[in-house]
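Structure first, then comments.
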Amino acid sequence: MMFSFNYIEVQAGSIRAGVEMVLESHKSVDTILMGCRRTDPGMASSSYNSKSDNGYPRFTRIFPLLDWNNSMIWSFIFENSLKFPTLYHSGYSSIGTKSNTKINPKLITGDTILPAWELTSDESDRFGRS
């Protein structure tokens, strides 16, 4: 079996809006790789692949990072020279909307704000989200 992957970058106000944009503009897409992990809300009992739900358009979701921890994520990013949002340099460990994203208090040490890759606890990843 041969697999073909296309990287599609979209900027949208939500994951759902981004998925809708991809599926509308790329009619042949029926499977999307998602970056969710078990520590994300609602993902604790998820499987590596599933059909979309909760009012999303129909597609298959694949979660290749489901059991990765923070250290694995950041090692992969740095080893492969991947681009990532600059907010991660400034103490943000989980990025959502402007209204629910804050600097993670676990990354503040005295007068210093550490970058996201210095976070040592996977459970603290979303402490900067409200």
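A note on labels: chains of the structure tokens are A, B, ... as shown, every chain counts residues from 1, and ligands are counted from 1 in their shown order.
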Quiz item: Near segment 32-40 of chain A, counting only C-alpha atoms, which residues have an atom at most 12 Å away, once you skip same-chain residues fewer than 2 positions from it, shown as JSON, numbers by chain?
Solution: {"A": [5, 6, 7, 8, 9, 15, 16, 18, 19, 20, 22, 23, 26, 28, 29, 30, 42, 43, 44, 45, 46, 47, 48, 49, 50, 51, 52, 57, 58, 59, 60, 61, 62, 63, 64, 65, 66, 67, 68, 69, 70, 72, 73, 94, 95, 96, 121, 122, 123, 124, 125, 126, 127, 129]}
Self-check item: Sel. of alpha helix (DSSP H) residues, chain A, as a PyMOL selection string
Solution: chain A and resi 15-25+70-79
Just the selected residues (N, CA, C and O atoms), exported as a short mmCIF file (atom, residue, chain, number, x, y, z; two decimals), in the first residue's frame, please.
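Full text of again_30.cif as output:
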```cif
data_model
loop_
_atom_site.label_atom_id
_atom_site.label_comp_id
_atom_site.auth_asym_id
_atom_site.auth_seq_id
_atom_site.Cartn_x
_atom_site.Cartn_y
_atom_site.Cartn_z
N ILE A 15 -10.09 24.92 15.32
CA ILE A 15 -9.74 23.68 14.65
C ILE A 15 -10.86 23.29 13.69
O ILE A 15 -10.61 22.91 12.55
N ARG A 16 -12.09 23.41 14.15
CA ARG A 16 -13.23 23.04 13.30
C ARG A 16 -13.25 23.87 12.02
O ARG A 16 -13.43 23.33 10.93
N ALA A 17 -13.03 25.18 12.15
CA ALA A 17 -13.01 26.05 10.96
C ALA A 17 -11.88 25.66 10.02
O ALA A 17 -12.04 25.64 8.80
N GLY A 18 -10.72 25.30 10.58
CA GLY A 18 -9.59 24.87 9.76
C GLY A 18 -9.88 23.58 9.03
O GLY A 18 -9.57 23.45 7.84
N VAL A 19 -10.49 22.62 9.72
CA VAL A 19 -10.85 21.35 9.09
C VAL A 19 -11.85 21.60 7.96
O VAL A 19 -11.72 21.06 6.86
N GLU A 20 -12.85 22.44 8.22
CA GLU A 20 -13.84 22.75 7.20
C GLU A 20 -13.19 23.40 5.98
O GLU A 20 -13.53 23.06 4.83
N MET A 21 -12.22 24.30 6.20
CA MET A 21 -11.51 24.95 5.09
C MET A 21 -10.75 23.92 4.26
O MET A 21 -10.79 23.95 3.03
N VAL A 22 -10.05 23.01 4.92
CA VAL A 22 -9.28 21.98 4.20
C VAL A 22 -10.20 21.08 3.41
O VAL A 22 -9.97 20.82 2.21
N LEU A 23 -11.26 20.59 4.02
CA LEU A 23 -12.16 19.66 3.33
C LEU A 23 -12.91 20.33 2.18
O LEU A 23 -13.17 19.69 1.16
N GLU A 24 -13.19 21.60 2.31
CA GLU A 24 -13.88 22.34 1.24
C GLU A 24 -12.95 22.60 0.06
O GLU A 24 -13.35 22.48 -1.10
N SER A 25 -11.70 22.94 0.34
CA SER A 25 -10.77 23.31 -0.73
C SER A 25 -10.00 22.12 -1.31
O SER A 25 -9.38 22.23 -2.36
N ASN A 70 5.90 15.91 26.40
CA ASN A 70 6.49 17.20 26.00
C ASN A 70 7.91 17.04 25.48
O ASN A 70 8.30 17.65 24.48
N SER A 71 8.70 16.24 26.16
CA SER A 71 10.08 16.05 25.76
C SER A 71 10.18 15.46 24.36
O SER A 71 11.02 15.90 23.54
N MET A 72 9.35 14.50 24.06
CA MET A 72 9.35 13.88 22.72
C MET A 72 8.94 14.90 21.65
O MET A 72 9.54 14.94 20.57
N ILE A 73 7.93 15.69 21.96
CA ILE A 73 7.45 16.71 21.01
C ILE A 73 8.57 17.69 20.69
O ILE A 73 8.89 17.94 19.52
N TRP A 74 9.20 18.27 21.73
CA TRP A 74 10.23 19.27 21.50
C TRP A 74 11.49 18.68 20.88
O TRP A 74 12.12 19.33 20.03
N SER A 75 11.84 17.46 21.22
CA SER A 75 12.99 16.81 20.57
C SER A 75 12.74 16.66 19.08
O SER A 75 13.61 16.96 18.25
N PHE A 76 11.55 16.23 18.72
CA PHE A 76 11.20 16.07 17.31
C PHE A 76 11.25 17.41 16.57
O PHE A 76 11.79 17.50 15.46
N ILE A 77 10.69 18.44 17.19
CA ILE A 77 10.69 19.77 16.57
C ILE A 77 12.11 20.25 16.32
O ILE A 77 12.45 20.69 15.21
N PHE A 78 12.97 20.16 17.34
CA PHE A 78 14.34 20.66 17.20
C PHE A 78 15.19 19.79 16.27
O PHE A 78 15.95 20.31 15.45
N GLU A 79 15.05 18.48 16.37
CA GLU A 79 15.84 17.58 15.51
C GLU A 79 15.49 17.72 14.03
O GLU A 79 16.32 17.45 13.17
#
```
Exercise. Report the residues of segment 10-85 of chain A whose backbone DSSP state falls under strand (DSSP E or B), written as a list of chain:residue names.
Key: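 Matching residues, listed in order: A:Thr31, A:Ile32, A:Leu33, A:Asn49, A:Ser50, A:Lys51, A:Thr60, A:Arg61, A:Ile62.
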Mind writing the picked residues with all heavy atoms as a PDB file, in the first residue's frame?
```
ATOM      1  N   THR A  31      -8.838  12.018   5.265  1.00  0.00           N
ATOM      2  CA  THR A  31      -8.136  11.701   6.506  1.00  0.00           C
ATOM      3  C   THR A  31      -7.235  12.877   6.869  1.00  0.00           C
ATOM      4  O   THR A  31      -6.560  13.432   6.013  1.00  0.00           O
ATOM      5  CB  THR A  31      -7.276  10.435   6.327  1.00  0.00           C
ATOM      6  OG1 THR A  31      -8.135   9.358   5.935  1.00  0.00           O
ATOM      7  CG2 THR A  31      -6.557  10.066   7.604  1.00  0.00           C
ATOM      8  N   ILE A  32      -7.238  13.240   8.150  1.00  0.00           N
ATOM      9  CA  ILE A  32      -6.430  14.365   8.621  1.00  0.00           C
ATOM     10  C   ILE A  32      -5.629  13.928   9.840  1.00  0.00           C
ATOM     11  O   ILE A  32      -6.173  13.325  10.771  1.00  0.00           O
ATOM     12  CB  ILE A  32      -7.308  15.583   8.968  1.00  0.00           C
ATOM     13  CG1 ILE A  32      -8.058  16.063   7.713  1.00  0.00           C
ATOM     14  CG2 ILE A  32      -6.470  16.704   9.564  1.00  0.00           C
ATOM     15  CD1 ILE A  32      -9.011  17.219   7.961  1.00  0.00           C
ATOM     16  N   LEU A  33      -4.327  14.204   9.822  1.00  0.00           N
ATOM     17  CA  LEU A  33      -3.481  13.956  10.988  1.00  0.00           C
ATOM     18  C   LEU A  33      -3.704  15.083  11.982  1.00  0.00           C
ATOM     19  O   LEU A  33      -3.619  16.253  11.631  1.00  0.00           O
ATOM     20  CB  LEU A  33      -2.000  13.920  10.594  1.00  0.00           C
ATOM     21  CG  LEU A  33      -1.586  12.849   9.593  1.00  0.00           C
ATOM     22  CD1 LEU A  33      -0.107  12.975   9.278  1.00  0.00           C
ATOM     23  CD2 LEU A  33      -1.897  11.462  10.118  1.00  0.00           C
ATOM     24  N   ASN A  49      -7.028   6.284  15.796  1.00  0.00           N
ATOM     25  CA  ASN A  49      -7.809   6.771  14.667  1.00  0.00           C
ATOM     26  C   ASN A  49      -9.287   6.628  14.982  1.00  0.00           C
ATOM     27  O   ASN A  49      -9.698   5.723  15.703  1.00  0.00           O
ATOM     28  CB  ASN A  49      -7.444   6.045  13.372  1.00  0.00           C
ATOM     29  CG  ASN A  49      -7.837   4.592  13.379  1.00  0.00           C
ATOM     30  OD1 ASN A  49      -7.594   3.885  14.345  1.00  0.00           O
ATOM     31  ND2 ASN A  49      -8.454   4.151  12.313  1.00  0.00           N
ATOM     32  N   SER A  50     -10.059   7.561  14.458  1.00  0.00           N
ATOM     33  CA  SER A  50     -11.500   7.533  14.695  1.00  0.00           C
ATOM     34  C   SER A  50     -12.185   8.431  13.669  1.00  0.00           C
ATOM     35  O   SER A  50     -11.550   9.272  13.031  1.00  0.00           O
ATOM     36  CB  SER A  50     -11.826   8.018  16.113  1.00  0.00           C
ATOM     37  OG  SER A  50     -11.423   9.364  16.283  1.00  0.00           O
ATOM     38  N   LYS A  51     -13.470   8.235  13.544  1.00  0.00           N
ATOM     39  CA  LYS A  51     -14.275   9.104  12.682  1.00  0.00           C
ATOM     40  C   LYS A  51     -14.548  10.407  13.437  1.00  0.00           C
ATOM     41  O   LYS A  51     -14.598  10.429  14.668  1.00  0.00           O
ATOM     42  CB  LYS A  51     -15.597   8.432  12.308  1.00  0.00           C
ATOM     43  CG  LYS A  51     -15.423   7.167  11.493  1.00  0.00           C
ATOM     44  CD  LYS A  51     -14.854   7.492  10.127  1.00  0.00           C
ATOM     45  CE  LYS A  51     -14.734   6.237   9.283  1.00  0.00           C
ATOM     46  NZ  LYS A  51     -13.950   6.456   8.079  1.00  0.00           N
ATOM     47  N   THR A  60     -11.728  10.989   8.650  1.00  0.00           N
ATOM     48  CA  THR A  60     -11.048  10.120   9.606  1.00  0.00           C
ATOM     49  C   THR A  60      -9.933  10.918  10.259  1.00  0.00           C
ATOM     50  O   THR A  60      -9.155  11.592   9.582  1.00  0.00           O
ATOM     51  CB  THR A  60     -10.462   8.879   8.906  1.00  0.00           C
ATOM     52  OG1 THR A  60     -11.550   8.142   8.317  1.00  0.00           O
ATOM     53  CG2 THR A  60      -9.722   7.988   9.884  1.00  0.00           C
ATOM     54  N   ARG A  61      -9.879  10.853  11.582  1.00  0.00           N
ATOM     55  CA  ARG A  61      -8.834  11.539  12.346  1.00  0.00           C
ATOM     56  C   ARG A  61      -7.766  10.524  12.737  1.00  0.00           C
ATOM     57  O   ARG A  61      -8.085   9.456  13.243  1.00  0.00           O
ATOM     58  CB  ARG A  61      -9.407  12.166  13.621  1.00  0.00           C
ATOM     59  CG  ARG A  61     -10.564  13.097  13.370  1.00  0.00           C
ATOM     60  CD  ARG A  61     -11.158  13.612  14.647  1.00  0.00           C
ATOM     61  NE  ARG A  61     -11.697  12.511  15.449  1.00  0.00           N
ATOM     62  CZ  ARG A  61     -12.363  12.686  16.580  1.00  0.00           C
ATOM     63  NH1 ARG A  61     -12.572  13.881  17.060  1.00  0.00           N
ATOM     64  NH2 ARG A  61     -12.821  11.651  17.244  1.00  0.00           N
ATOM     65  N   ILE A  62      -6.515  10.895  12.516  1.00  0.00           N
ATOM     66  CA  ILE A  62      -5.382  10.071  12.938  1.00  0.00           C
ATOM     67  C   ILE A  62      -4.607  10.879  13.964  1.00  0.00           C
ATOM     68  O   ILE A  62      -4.285  12.057  13.731  1.00  0.00           O
ATOM     69  CB  ILE A  62      -4.460   9.710  11.751  1.00  0.00           C
ATOM     70  CG1 ILE A  62      -5.248   9.045  10.615  1.00  0.00           C
ATOM     71  CG2 ILE A  62      -3.288   8.853  12.217  1.00  0.00           C
ATOM     72  CD1 ILE A  62      -5.756   7.669  10.911  1.00  0.00           C
TER      73      ILE A  62
END
```
Practice problem: In Å, rounded to a single decimal, give me how far atom CA of Gln11 of chain A is from atom CA of His89 of chain A. | Solution: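 We find that atom CA of His89 of chain A and atom CA of Gln11 of chain A lie 20.4 Å from each other.
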Quiz item: In Å, how far is it from atom CA of Gly13 of chain A to atom CA of Asn80 of chain A?
Solution: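 One can read the atom CA of Gly13 of chain A to atom CA of Asn80 of chain A distance as 27.2 Å.
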Quiz item: Do you have the atom CA of Ser130 of chain A-atom CA of Asn100 of chain A distance handy?
Solution: 4.9 Å
Quiz prompt | Residues within 10 Å of Pro105 of chain A, only C-alpha atoms, excluding chain neighbours under 5 positions, as a list in words | solution =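 That gives Gly91, Tyr92, Ser93, Ile113, Leu114, Ser124, Phe127 and Gly128 of chain A.
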